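Enquirer: See entry_34.cif below, with mmCIF, C-alpha atoms and all ligand atoms.
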```
data_upload
#
loop_
_atom_site.label_atom_id
_atom_site.label_comp_id
_atom_site.auth_asym_id
_atom_site.auth_seq_id
_atom_site.Cartn_x
_atom_site.Cartn_y
_atom_site.Cartn_z
CA MET U 129 0.00 0.00 0.00
CA LEU U 130 2.78 2.35 0.98
CA THR U 131 4.57 1.77 -2.29
CA ILE U 132 1.42 2.53 -4.26
CA ALA U 133 0.79 5.69 -2.28
CA LEU U 134 4.34 6.91 -2.86
CA SER U 135 4.34 6.20 -6.56
CA THR U 136 1.01 7.99 -6.92
CA ALA U 137 2.37 11.01 -5.06
CA SER U 138 5.48 11.11 -7.19
CA VAL U 139 3.41 11.57 -10.35
CA HIS U 140 2.71 15.29 -10.12
CA ALA U 141 -0.52 16.45 -11.64
CA ALA U 142 0.13 19.20 -14.15
CA GLU U 143 -1.20 22.18 -12.26
CA VAL U 144 -0.38 25.68 -11.13
CA ASN U 145 -1.76 27.45 -8.06
CA VAL U 146 -2.48 31.10 -8.72
CA PHE U 147 -3.04 33.43 -5.78
CA THR U 148 -4.61 36.60 -7.13
CA ALA U 149 -5.76 39.89 -5.65
CA ARG U 150 -7.15 41.05 -9.00
CA HIS U 151 -10.91 40.92 -8.79
CA TYR U 152 -11.96 40.18 -12.32
CA SER U 153 -14.22 37.20 -12.90
CA SER U 154 -13.06 37.38 -16.51
CA ASP U 155 -9.56 36.36 -15.40
CA VAL U 156 -10.95 32.86 -14.80
CA GLU U 157 -11.93 32.58 -18.49
CA LEU U 158 -8.40 33.63 -19.33
CA TYR U 159 -6.88 30.90 -17.18
CA ALA U 160 -9.11 28.33 -18.91
CA LYS U 161 -7.41 29.30 -22.19
CA PHE U 162 -4.03 28.53 -20.60
CA THR U 163 -5.24 25.08 -19.55
CA LYS U 164 -6.60 24.39 -23.03
CA GLN U 165 -3.26 25.35 -24.57
CA THR U 166 -0.94 23.56 -22.14
CA GLY U 167 -2.94 20.90 -20.31
CA ILE U 168 -1.87 22.54 -17.03
CA LYS U 169 -4.76 22.95 -14.61
CA VAL U 170 -5.06 26.37 -12.96
CA ASN U 171 -6.25 26.46 -9.34
CA VAL U 172 -7.30 30.02 -8.54
CA ILE U 173 -7.23 31.34 -4.99
CA SER U 174 -8.53 34.91 -5.11
CA GLY U 175 -8.87 37.29 -2.24
CA ASP U 176 -7.69 40.41 -0.52
CA ALA U 177 -3.99 41.05 -1.19
CA LYS U 178 -3.03 41.38 2.46
CA ALA U 179 -4.81 38.12 3.40
CA LEU U 180 -3.19 36.22 0.51
CA GLU U 181 0.26 37.57 1.39
CA LYS U 182 -0.22 36.65 5.03
CA ARG U 183 -1.18 33.13 4.06
CA ILE U 184 1.86 32.73 1.79
CA VAL U 185 4.25 34.12 4.43
CA THR U 186 2.73 32.09 7.28
CA GLU U 187 2.76 28.82 5.34
CA GLY U 188 6.35 29.47 4.27
CA THR U 189 8.03 26.47 2.65
CA ARG U 190 4.72 24.54 2.89
CA SER U 191 2.89 27.13 0.77
CA GLN U 192 1.16 25.71 -2.30
CA ALA U 193 1.13 29.10 -4.02
CA ASP U 194 3.00 29.19 -7.34
CA VAL U 195 2.07 32.62 -8.68
CA PHE U 196 1.05 35.80 -6.87
CA ILE U 197 -0.82 38.51 -8.81
CA ASP U 198 -1.62 41.99 -7.53
CA VAL U 199 -2.29 45.50 -8.80
CA ASP U 200 0.04 48.45 -8.33
CA ALA U 201 3.84 48.33 -8.45
CA GLY U 202 3.94 49.72 -4.90
CA ASN U 203 2.00 46.68 -3.66
CA LEU U 204 4.19 44.31 -5.68
CA GLY U 205 7.31 45.93 -4.24
CA ALA U 206 5.92 45.55 -0.73
CA ALA U 207 5.14 41.86 -1.39
CA GLN U 208 8.69 41.39 -2.65
CA ARG U 209 10.10 42.82 0.61
CA LYS U 210 7.99 40.30 2.55
CA GLY U 211 9.74 37.48 0.67
CA ILE U 212 6.69 36.49 -1.38
CA PHE U 213 8.58 36.10 -4.67
CA GLN U 214 11.65 34.34 -6.02
CA LYS U 215 13.88 35.48 -8.84
CA VAL U 216 13.25 33.58 -12.03
CA SER U 217 14.94 33.53 -15.38
CA SER U 218 12.71 33.90 -18.42
CA PRO U 219 14.23 35.28 -21.63
CA LEU U 220 10.69 35.53 -23.01
CA LEU U 221 9.49 37.84 -20.21
CA ILE U 222 12.60 39.98 -20.58
CA GLU U 223 12.03 40.23 -24.32
CA LYS U 224 8.32 41.06 -24.07
CA ILE U 225 8.23 43.43 -21.09
CA PRO U 226 10.09 46.75 -21.23
CA ALA U 227 12.67 47.00 -18.41
CA TYR U 228 10.82 49.82 -16.61
CA LEU U 229 7.76 47.57 -16.15
CA ARG U 230 9.46 44.63 -14.41
CA THR U 231 12.01 43.57 -11.83
CA ASP U 232 13.78 40.21 -11.37
CA TYR U 233 10.96 39.21 -9.00
CA TRP U 234 7.71 40.44 -10.59
CA TYR U 235 6.51 41.37 -14.04
CA GLY U 236 3.98 43.82 -15.43
CA ILE U 237 1.05 42.05 -17.09
CA SER U 238 -1.00 45.19 -17.89
CA LYS U 239 -0.69 48.96 -17.59
CA ARG U 240 -2.95 51.68 -16.19
CA ALA U 241 -2.54 55.44 -16.42
CA ARG U 242 -3.33 57.81 -13.53
CA ILE U 243 -4.87 60.74 -15.34
CA ILE U 244 -6.84 63.97 -15.13
CA PHE U 245 -10.61 63.99 -15.66
CA TYR U 246 -12.26 67.38 -16.16
CA ASN U 247 -15.55 69.16 -16.69
CA PRO U 248 -15.43 70.47 -20.29
CA GLU U 249 -17.87 73.26 -19.37
CA LYS U 250 -15.32 74.64 -16.90
CA ILE U 251 -11.98 73.91 -18.52
CA SER U 252 -11.30 74.25 -22.24
CA GLU U 253 -9.87 71.34 -24.15
CA THR U 254 -6.94 73.51 -25.24
CA ILE U 255 -5.96 74.20 -21.64
CA ALA U 256 -6.65 70.64 -20.51
CA LYS U 257 -4.36 69.21 -23.18
CA GLN U 258 -1.47 71.30 -21.86
CA LEU U 259 -1.88 70.10 -18.27
CA ASN U 260 0.99 68.62 -16.29
CA TYR U 261 0.56 66.98 -12.88
CA GLU U 262 2.70 69.85 -11.62
CA ASP U 263 -0.02 72.35 -12.71
CA LEU U 264 -2.45 70.92 -10.14
CA ALA U 265 -0.58 73.11 -7.64
CA SER U 266 -1.50 76.28 -9.56
CA ALA U 267 -3.66 78.86 -7.76
CA ASN U 268 -5.93 78.74 -10.86
CA TYR U 269 -7.41 75.55 -9.50
CA LYS U 270 -8.13 76.65 -5.94
CA GLY U 271 -11.11 74.68 -4.57
CA LYS U 272 -11.54 72.83 -7.87
CA ILE U 273 -9.77 69.47 -7.48
CA VAL U 274 -10.97 66.16 -6.05
CA ILE U 275 -8.81 63.16 -5.30
CA ARG U 276 -8.99 60.18 -2.93
CA SER U 277 -7.07 59.85 0.33
CA SER U 278 -3.31 59.70 0.77
CA SER U 279 -3.57 56.10 2.02
CA SER U 280 -4.56 54.93 -1.47
CA THR U 281 -1.72 52.93 -2.98
CA TYR U 282 -2.49 54.56 -6.36
CA ASN U 283 -1.78 57.97 -4.84
CA LYS U 284 1.29 56.76 -2.99
CA SER U 285 2.75 55.36 -6.22
CA TRP U 286 1.83 58.49 -8.15
CA VAL U 287 3.45 60.84 -5.62
CA ALA U 288 6.40 58.42 -5.44
CA SER U 289 6.93 58.95 -9.16
CA LEU U 290 6.78 62.72 -8.67
CA ILE U 291 9.49 62.39 -6.00
CA GLU U 292 11.55 60.32 -8.42
CA ASN U 293 11.23 62.98 -11.13
CA ASN U 294 11.05 66.27 -9.22
CA GLY U 295 12.72 65.55 -5.88
CA ILE U 296 11.47 65.66 -2.30
CA GLU U 297 11.54 69.42 -1.77
CA GLN U 298 9.60 70.31 -4.91
CA THR U 299 7.09 67.50 -4.36
CA SER U 300 6.49 68.69 -0.78
CA LYS U 301 5.66 72.20 -2.01
CA TRP U 302 3.48 70.76 -4.74
CA ALA U 303 1.52 68.55 -2.31
CA LYS U 304 0.89 71.46 0.02
CA ALA U 305 -0.49 73.58 -2.84
CA LEU U 306 -2.56 70.68 -4.18
CA VAL U 307 -4.21 70.19 -0.78
CA GLU U 308 -5.09 73.90 -0.79
CA ASN U 309 -6.72 73.40 -4.19
CA MET U 310 -8.93 70.53 -3.06
CA ALA U 311 -12.68 71.07 -3.39
CA ARG U 312 -13.28 68.83 -0.37
CA ALA U 313 -11.39 66.63 2.05
CA PRO U 314 -10.51 63.37 0.25
CA GLU U 315 -13.28 60.77 0.35
CA GLY U 316 -14.38 57.75 -1.67
CA ASN U 317 -12.66 55.75 -4.38
CA ASP U 318 -11.46 56.75 -7.86
CA ARG U 319 -14.93 56.50 -9.42
CA ASP U 320 -16.33 58.79 -6.71
CA GLN U 321 -13.91 61.51 -7.85
CA ILE U 322 -15.11 61.22 -11.47
CA LEU U 323 -18.71 61.32 -10.23
CA ALA U 324 -17.96 64.50 -8.24
CA VAL U 325 -16.78 66.25 -11.43
CA ALA U 326 -19.85 65.02 -13.32
CA ALA U 327 -22.05 66.41 -10.53
CA GLY U 328 -20.36 69.83 -10.71
CA LYS U 329 -18.75 69.52 -7.26
CA ALA U 330 -15.28 69.99 -8.76
CA ASP U 331 -13.68 70.80 -12.11
CA ILE U 332 -10.84 68.27 -11.97
CA ALA U 333 -10.48 64.71 -10.66
CA ILE U 334 -7.47 62.43 -10.58
CA ALA U 335 -8.23 58.75 -11.10
CA ASN U 336 -7.04 55.67 -12.94
CA SER U 337 -7.79 55.45 -16.65
CA TYR U 338 -9.87 52.28 -16.64
CA TYR U 339 -12.53 53.62 -14.28
CA LEU U 340 -14.08 55.94 -16.84
CA SER U 341 -14.32 53.11 -19.38
CA LEU U 342 -15.83 50.86 -16.75
CA MET U 343 -18.48 53.52 -16.12
CA LEU U 344 -19.05 54.21 -19.85
CA SER U 345 -19.46 50.48 -20.50
CA GLY U 346 -22.59 50.46 -18.34
CA GLN U 347 -21.21 47.81 -15.98
CA LYS U 348 -21.65 50.21 -13.06
CA GLY U 349 -25.25 51.05 -13.95
CA PRO U 350 -27.04 53.71 -16.03
CA GLU U 351 -26.44 56.58 -13.57
CA GLN U 352 -22.68 56.18 -13.61
CA GLN U 353 -22.78 55.68 -17.37
CA ALA U 354 -24.60 59.00 -17.81
CA ALA U 355 -22.22 60.74 -15.39
CA ALA U 356 -19.17 59.43 -17.23
CA LYS U 357 -20.43 61.01 -20.47
CA LYS U 358 -20.26 64.48 -18.86
CA VAL U 359 -16.56 64.15 -18.10
CA LYS U 360 -13.53 64.38 -20.38
CA LEU U 361 -10.10 62.98 -19.77
CA VAL U 362 -6.63 64.13 -20.59
CA PHE U 363 -3.23 62.44 -20.51
CA PRO U 364 -0.98 64.80 -18.55
CA ASN U 365 2.67 65.75 -19.13
CA GLN U 366 2.57 65.21 -22.89
CA ASN U 367 5.17 67.93 -23.49
CA ASN U 368 7.69 66.43 -21.12
CA ARG U 369 8.15 63.00 -19.46
CA GLY U 370 4.67 61.62 -20.23
CA THR U 371 1.70 60.27 -18.25
CA HIS U 372 2.22 58.35 -15.01
CA MET U 373 1.82 54.61 -15.61
CA ASN U 374 1.32 51.80 -13.13
CA ILE U 375 0.85 48.06 -13.62
CA SER U 376 -0.89 44.90 -12.62
CA GLY U 377 1.83 42.34 -12.12
CA ALA U 378 2.68 38.73 -11.38
CA GLY U 379 5.61 36.84 -9.92
CA VAL U 380 6.62 33.28 -9.03
CA THR U 381 6.31 32.67 -5.29
CA ALA U 382 9.37 31.86 -3.16
CA TYR U 383 8.54 28.16 -2.55
CA ALA U 384 6.45 27.44 -5.65
CA PRO U 385 5.92 23.67 -5.87
CA ASN U 386 5.23 24.04 -9.61
CA LYS U 387 7.88 26.59 -10.55
CA GLU U 388 8.18 25.67 -14.24
CA HIS U 389 4.42 25.81 -14.71
CA ALA U 390 4.36 29.13 -12.88
CA ILE U 391 6.87 30.65 -15.29
CA ARG U 392 4.95 29.22 -18.23
CA PHE U 393 1.74 30.71 -16.83
CA ILE U 394 3.20 34.22 -16.49
CA GLU U 395 4.69 33.91 -19.98
CA PHE U 396 1.20 33.03 -21.23
CA LEU U 397 -0.16 36.25 -19.67
CA LEU U 398 2.13 38.17 -22.04
CA SER U 399 0.89 36.31 -25.14
CA THR U 400 -1.15 38.24 -27.70
CA GLU U 401 -4.25 36.20 -26.85
CA ALA U 402 -3.97 36.83 -23.10
CA GLN U 403 -3.09 40.51 -23.46
CA GLN U 404 -6.11 41.03 -25.72
CA HIS U 405 -8.33 39.32 -23.16
CA ILE U 406 -6.94 41.41 -20.29
CA VAL U 407 -7.37 44.78 -22.01
CA ASN U 408 -10.84 43.93 -23.28
CA THR U 409 -12.15 42.92 -19.88
CA SER U 410 -10.31 45.26 -17.51
CA PHE U 411 -9.90 48.35 -19.77
CA GLU U 412 -6.22 48.47 -18.85
CA TYR U 413 -3.46 49.03 -21.42
CA PRO U 414 -1.48 46.15 -22.95
CA ILE U 415 2.20 45.58 -22.19
CA ILE U 416 2.96 44.35 -25.71
CA ASP U 417 2.67 46.58 -28.79
CA GLN U 418 0.83 44.03 -30.95
CA VAL U 419 -2.35 44.47 -28.92
CA MET U 420 -4.72 47.45 -29.04
CA PRO U 421 -6.55 48.76 -25.97
CA ASN U 422 -10.26 48.07 -25.64
CA THR U 423 -12.29 50.21 -28.08
CA ILE U 424 -13.82 52.41 -25.33
CA MET U 425 -10.33 53.25 -24.07
CA ALA U 426 -8.84 53.51 -27.56
CA ALA U 427 -11.37 56.25 -28.40
CA PHE U 428 -9.45 58.55 -26.06
CA GLY U 429 -6.22 57.98 -27.96
CA THR U 430 -3.69 55.20 -28.08
CA SER U 431 -0.52 57.07 -28.91
CA PHE U 432 -0.16 59.26 -25.84
CA LYS U 433 3.29 59.68 -24.35
CA GLN U 434 3.83 57.41 -21.35
CA ASP U 435 6.26 58.06 -18.51
CA THR U 436 8.97 55.40 -18.52
CA THR U 437 10.08 55.98 -14.93
CA SER U 438 10.86 52.54 -13.52
CA VAL U 439 7.80 51.25 -11.65
CA ALA U 440 10.23 49.62 -9.18
CA THR U 441 10.93 53.10 -7.78
CA TYR U 442 7.31 53.44 -6.62
CA TYR U 443 7.70 51.13 -3.64
CA ASN U 444 11.08 52.66 -2.78
CA ASN U 445 9.55 56.15 -2.57
CA GLN U 446 6.11 55.24 -1.15
CA ALA U 447 6.93 55.86 2.54
CA GLN U 448 8.38 59.25 1.66
CA ALA U 449 5.36 59.97 -0.53
CA LEU U 450 2.94 59.21 2.30
CA ALA U 451 4.96 61.36 4.73
CA ILE U 452 4.84 64.26 2.26
CA MET U 453 1.09 63.94 1.73
CA LYS U 454 0.37 63.67 5.46
CA LYS U 455 2.56 66.68 6.21
CA ALA U 456 0.65 68.65 3.57
CA GLY U 457 -2.62 67.83 5.35
CA TRP U 458 -3.79 65.36 2.68
CA ARG U 459 -6.25 63.16 4.54
FE FE U 501 -8.40 50.01 -9.30
#
```
Let me see whether you can do it: turn the structure in this file into structure tokens.
Expert:
Amino acid sequence: MLTIALSTASVHAAEVNVFTARHYSSDVELYAKFTKQTGIKVNVISGDAKALEKRIVTEGTRSQADVFIDVDAGNLGAAQRKGIFQKVSSPLLIEKIPAYLRTDYWYGISKRARIIFYNPEKISETIAKQLNYEDLASANYKGKIVIRSSSSTYNKSWVASLIENNGIEQTSKWAKALVENMARAPEGNDRDQILAVAAGKADIAIANSYYLSLMLSGQKGPEQQAAAKKVKLVFPNQNNRGTHMNISGAGVTAYAPNKEHAIRFIEFLLSTEAQQHIVNTSFEYPIIDQVMPNTIMAAFGTSFKQDTTSVATYYNNQAQALAIMKKAGWR
């Protein structure tokens, strides 16, 4: 009996265990495509990022996790510092993903832009198109800007990139002026900021690119769809370094029992088929050039200039970014 049990155990089922904090039911359809192509079964464990990380860390060498997926380079950097990932070697990932969108531990699988949404009745398109993030500190916008709280990882990564590009001193001054320009104390999520502009409560909102498309698609109901139509968006910093970009990313976990399958799985996420699926269902931007953004997103332009600041710097500067925002009175 023992012999049989051992020989059964030694025949590993072809599978990969994916721990994901991305909440897209459509991702499951994507993983089914991987199984169809490779015969490798995908076991999905989805949940809150912090809970998944805790489970992986606590279970240590016994962890069954092979791949960890999360949004925001700041979050991925934090997971890396907790020992969630291992370094892997994949010439294919290095070839497909530009260096600024990956590290040795985790890899960008999609991009999102943090951009300016505005009320076209209050701000002309000509002026909007010239906007830089730095201009949000201008006295012209006193009481006109809405943005979520400083604890948001999207804001921490965004301000981290400003520190990387403009330095601590300049970013501190900028944050102070931006807080003075806020129409209200920060509240709600990114979509709430867009809704505030649509409702005339502010002229400018800062939010991630995919939220407007999500609202326009009707997935968030007819009210949000109607509100989204009242708002325009602009890609900032087109005359200099480009628009701030962040990622969703994936990495192979430190004690992955199915390491080779894990690498193959992440490589699959960078395939044309997978990238097309991701951008069509999440309204994010593709990592590879061969794929076009979803049509709703593409209508706003596909050739905007993107900031190529390394996303790895976001985690490095996040603590400083939060300190700067807090000191400026950014709730
Ligand atoms: Fe989001």
Enquirer: Return as a VMD selection string the residues of protein, DNA or RNA that approach ligand FE 501 (chain U) to within 9 Å, with all atoms listed in the file taken into account.
Expert: chain U and resid 199 to 200 240 282 317 to 318 335 to 336 338 to 339
Enquirer: Just the selected residues (C-alpha atoms), exported as a PDB file, in the coordinates of the input, please.
Expert:
```
ATOM      1  CA  VAL U 199      -2.290  45.500  -8.800  1.00  0.00           C
ATOM      2  CA  ASP U 200       0.040  48.450  -8.330  1.00  0.00           C
ATOM      3  CA  ARG U 240      -2.950  51.680 -16.190  1.00  0.00           C
ATOM      4  CA  TYR U 282      -2.490  54.560  -6.360  1.00  0.00           C
ATOM      5  CA  ASN U 317     -12.660  55.750  -4.380  1.00  0.00           C
ATOM      6  CA  ASP U 318     -11.460  56.750  -7.860  1.00  0.00           C
ATOM      7  CA  ALA U 335      -8.230  58.750 -11.100  1.00  0.00           C
ATOM      8  CA  ASN U 336      -7.040  55.670 -12.940  1.00  0.00           C
ATOM      9  CA  TYR U 338      -9.870  52.280 -16.640  1.00  0.00           C
ATOM     10  CA  TYR U 339     -12.530  53.620 -14.280  1.00  0.00           C
TER      11      TYR U 339
END
```
Enquirer: When you look at Arg209 (chain U) with a cut-off of 12 Å (counting all atoms listed in the file), what residues show up, excluding the ones that are within fewer than 3 positions of it in the same chain? I need them as a ChimeraX atom specification.
Expert: /U:181,185,202-206,212-214,233-234,382,440,443-444
Enquirer: U:Leu158, U:Ile375, U:Ala241, U:Ala265: which is nearest Tyr442 (chain U), counting all atoms listed in the file?
Expert: U:Ile375
Enquirer: I'd like the neighbourhood of Ile391 (chain U) as a list in words, where a residue qualifies if any of its atoms comes within 12 Å (using all atoms listed in the file), though same-chain residues fewer than 5 positions away should be ignored.
Expert: Val144, Asn145, Val146, Asp194, Val195, Phe196, Gln214, Lys215, Val216, Ser217, Ser218, Pro219, Leu220, Leu221, Tyr233, Trp234, Tyr235, Ala378, Gly379, Val380, Thr381, Ala384, Pro385, Asn386, Phe396, Leu397 and Leu398 of chain U
Enquirer: Please determine, counting only C-alpha atoms, which residue among U:Ile416, U:Met373, U:Ile296, U:Leu306 has the shortest atom-to-atom distance to Ser337 (chain U).
Expert: U:Met373
Enquirer: Given the choices U:Ile406, U:Met425, U:Ala456, U:Ile334, which gets closest to Glu157 (chain U) if the distance is worked out from all atoms listed in the file?
Expert: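 Among U:Ile406, U:Met425, U:Ala456, U:Ile334, it is U:Ile406 that comes nearest to Glu157 (chain U).
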Enquirer: Please, which residues are within 9 Å of (-2.2, 70.7, -18.4) by the file's coordinates, counting all atoms listed in the file, and could they come as a list in words?
Expert: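 Checked against the point, the hits come out as Ile244, Thr254, Ile255, Ala256, Lys257, Gln258, Leu259, Asn260, Tyr261, Glu262, Asp263, Leu264, Val362, Phe363, Pro364, Asn365 and Gln366 of chain U.
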Enquirer: With all atoms listed in the file as the atoms that count, which of U:Ser174, U:Ser345, U:Gln353, U:Thr189 lies nearest to Thr423 (chain U)?
Expert: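 Of U:Ser174, U:Ser345, U:Gln353, U:Thr189, the one nearest Thr423 (chain U), counting all atoms listed in the file, is U:Ser345.
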Enquirer: Padding 8 Å on every side, please: axis-aligned box over the listed atoms of region 406-409 of chain U, centre and edge lengths to one decimal in Å, as AutoDock Vina command-line options.
Expert:
```
--center_x -9.5 --center_y 43.1 --center_z -21.6 --size_x 21.2 --size_y 19.4 --size_z 19.4
```
Enquirer: Between U:Phe411, U:Tyr269, U:Phe393, U:Trp458, which is the closest to Glu143 (chain U) once you count all atoms listed in the file?
Expert: U:Phe393
